[in-house]
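Enquirer: I'd like to ask some things about the structure below.
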Amino acid sequence: MAKRPFKRKIKRKRHGATFWDHEYAHSGGHLQLSEEPSGDMLKFLRWLERQHGTELLNSETSAVDFGCGNGRNLIHLSETYGMQGVGFDISAAAVKIAKQASKDLSLTYEARSIAGTFPTIPDESQTIVLDMMTSHFLKEVEREVLRDEMLRVLKPGGFLFLKTHLGDGDLHTKRLFEEAPGKERHTYIHPVMGVPEHVYFEDELMEFLEPHFEIKKVYRSHKHISHGRARKRRTISVYAQKPLW
């Protein structure tokens with residue numbers, strides 16, 4: 001009897017909330033998920049304290065985290081400065097972990113996509129907004145809606161801390177655009193999740209933010225190429241302030 005040809009088993013992609021639920025519910029997944037606050041956020045907070053002291057970081061202030069994951073960054077803000085906060089994440093598993101870790105803190109969470117509006121957050125009620133490696137999964141129109149919501153909920157003088165992929169000089173981005181281009185500009189289909197992911201180039205990102213925010217600081221990662229070969233994905237962090245007027 002002739003042997004059947006060998007066929008490699010194709011792993012089924014987990015999309016959106018299903019992917020993130022699996023990551024948070026199972027250790028050793030695709031991503032290395034930490035319970036410690038983001039180092040880039042800590043750098044932002046040190047800068048904010050040098051510039052403004054604790055004026056924006058105290059028990060009378062509040063933060064919102066769009067894509068909060070397990071709550072690690074809001075938990076740090078609450079434990080360190082006594083801040084209140086609200087987090088949103090598409091993963092119910094992540095939100096469950098965040099709630100368990102925040103029992104004695106003035107933090108609330110909701111499992112939902114960050115696409116759309118957030119009517120439960122009052123106008124000009126937040127001093128800090130976090131968007132860390134999250135909104136690049138949104139479509140162009142959805143990113144614009146989220147930016148406008150960030151402006152709405154921030155107090156005048158409040159800050160957006162945004163971290164995202166940076167396309168300038170990143171060989172991984174170039175390859176992904178070529179191998180799996182998405183329908184929208186500067187978008188590819190994520191090789192693991194199978195969903196569109198947007199990558200900003202710096203000029204594009206500044207154009208997206210500057211008519212609405214004052215850009216105070218920009219940090220770009222620099223370990224994306226070694227001896228002409230791709231290394232880590234390149235990222236950009238932006239400290240953007242809502243004007244006082």
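In the structure tokens, chains take letters A, B, ... by order of appearance, with residues numbered from 1 within each chain and ligands from 1 in the order shown.
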Please identify all polymer residues within 9 Å of range 172-181 of chain A, counting only C-alpha atoms, omitting same-chain residues fewer than 6 positions from it, and present them as an MDAnalysis selection string.
Expert: chainID A and resid 165:166 187:191 196 199 224 230:234
Enquirer: Check range 49-195 of chain A with DSSP on the backbone and list each residue it calls helix (DSSP H, G or I), as a PyMOL selection string.
Expert: chain A and resi 49-52+72-81+92-101+135-137+140-153+171-179
Enquirer: As number ranges by chain, list the residues of range 34-166 of chain A assigned to strand (DSSP E or B) by DSSP on the backbone atoms of this structure.
Expert: A: 62-66, 84-89, 107-111, 126-132, 154-166
Enquirer: What does the file look like for those residues with C-alpha atoms, as a compact mmCIF listing (two decimals), in the first residue's frame?
Expert:
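Dumped to selection-v5.txt:
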```txt
# COMPACT_ATOMS: atom_id res chain seq x y z
CA SER A 62 -6.98 59.75 37.16
CA ALA A 63 -5.63 57.78 34.20
CA VAL A 64 -7.19 55.69 31.46
CA ASP A 65 -5.34 52.83 29.78
CA PHE A 66 -6.58 51.82 26.33
CA GLN A 84 -7.57 56.46 40.23
CA GLY A 85 -7.94 54.81 36.85
CA VAL A 86 -9.94 52.85 34.32
CA GLY A 87 -8.66 50.23 31.90
CA PHE A 88 -10.10 48.70 28.75
CA ASP A 89 -8.92 45.54 27.05
CA LEU A 107 -9.25 51.06 39.58
CA THR A 108 -11.99 49.72 37.33
CA TYR A 109 -11.78 47.62 34.17
CA GLU A 110 -13.96 46.68 31.25
CA ALA A 111 -13.50 43.94 28.66
CA GLN A 126 -8.27 62.31 32.99
CA THR A 127 -4.74 63.61 33.51
CA ILE A 128 -2.99 60.72 31.74
CA VAL A 129 -4.02 58.55 28.80
CA LEU A 130 -2.02 55.44 27.90
CA ASP A 131 -1.97 53.84 24.44
CA MET A 132 0.86 51.33 24.52
CA LEU A 154 -8.04 64.53 28.86
CA LYS A 155 -7.98 67.61 31.02
CA PRO A 156 -6.26 70.65 29.48
CA GLY A 157 -2.57 70.15 30.24
CA GLY A 158 -2.99 66.38 30.55
CA PHE A 159 -0.72 63.93 28.73
CA LEU A 160 -1.03 61.13 26.24
CA PHE A 161 1.76 58.55 26.42
CA LEU A 162 1.76 56.64 23.15
CA LYS A 163 4.08 53.80 22.21
CA THR A 164 3.79 52.02 18.88
CA HIS A 165 5.76 50.36 16.09
CA LEU A 166 7.96 52.63 13.98
```
Enquirer: Can you tell me which residues surround Glu35 in chain A at a distance of at most 12 Å, considering only C-alpha atoms, apart from same-chain residues fewer than 5 positions away, and format the answer as a ChimeraX atom specification?
Expert: /A:24,68-76,94,97-98,101
Enquirer: For each of A:Glu197, A:Glu36, A:Glu202, A:Asp170, take the minimum atom-to-atom distance to Leu138 in chain A, counting only C-alpha atoms, then give the residue where this is smallest.
Expert: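 Using only C-alpha atoms, Leu138 in chain A sits closest to A:Glu197.
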Enquirer: Which of these residues is nearest to Met133 in chain A, using only C-alpha atoms: A:Pro243, A:Val218, A:Arg112, A:Tyr200?
Expert: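 Closest residue, counting only C-alpha atoms: A:Tyr200.
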Enquirer: Per residue of range 46-149 of chain A within 12 Å of range 203-211 of chain A, which atom pair is closest and at what distance in Å (one decimal), using only C-alpha atoms, listed by chain and increasing number, as a tab-separated table?
Expert:
```
residue	atom	partner	partner_atom	distance
A:His136	CA	A:Leu205	CA	11.2
A:Glu140	CA	A:Phe208	CA	10.5
A:Val141	CA	A:Phe208	CA	11.7
A:Arg143	CA	A:Phe208	CA	9.5
A:Glu144	CA	A:Phe208	CA	8.2
A:Val145	CA	A:Phe208	CA	11.7
A:Leu146	CA	A:Leu209	CA	11.6
A:Arg147	CA	A:Leu209	CA	8.0
A:Asp148	CA	A:Leu209	CA	10.0
```
Enquirer: Between CA of Ile215 in chain A and CA of Ala240 in chain A, what is the distance, to one decimal in Å?
Expert: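 Going from CA of Ile215 in chain A over to CA of Ala240 in chain A, I get 4.5 Å.
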Enquirer: For Leu56 in chain A, which residue out of A:Ser113, A:Ile225, A:Lys99, A:Gln241 is the nearest one, using only C-alpha atoms?
Expert: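 Residue with the minimum atom-to-atom distance to Leu56 in chain A: A:Gln241.
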Enquirer: Just the residues within 7 Å of Arg220 in chain A, please, counting only C-alpha atoms, with nothing from its chain fewer than 5 positions along; format it as a PyMOL selection string.
Expert: chain A and resi 235-237
Enquirer: Take the residues just selected and output them with N, CA and C atoms as a compact mmCIF listing (two decimals), in the first residue's frame.
Expert:
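Heads up, here's the output in result_9.txt:
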```
# COMPACT_ATOMS: atom_id res chain seq x y z
N THR A 235 10.43 50.77 17.69
CA THR A 235 9.29 51.42 18.31
C THR A 235 9.55 52.91 18.49
N ILE A 236 8.47 53.65 18.72
CA ILE A 236 8.55 55.07 19.00
C ILE A 236 7.64 55.37 20.19
N SER A 237 8.12 56.20 21.11
CA SER A 237 7.33 56.65 22.25
C SER A 237 7.16 58.16 22.16
```
Enquirer: Neighbours of Tyr81 in chain A within 7 Å (only C-alpha atoms; same-chain residues fewer than 5 positions away dropped), as a PyMOL selection string?
Expert: chain A and resi 57-59
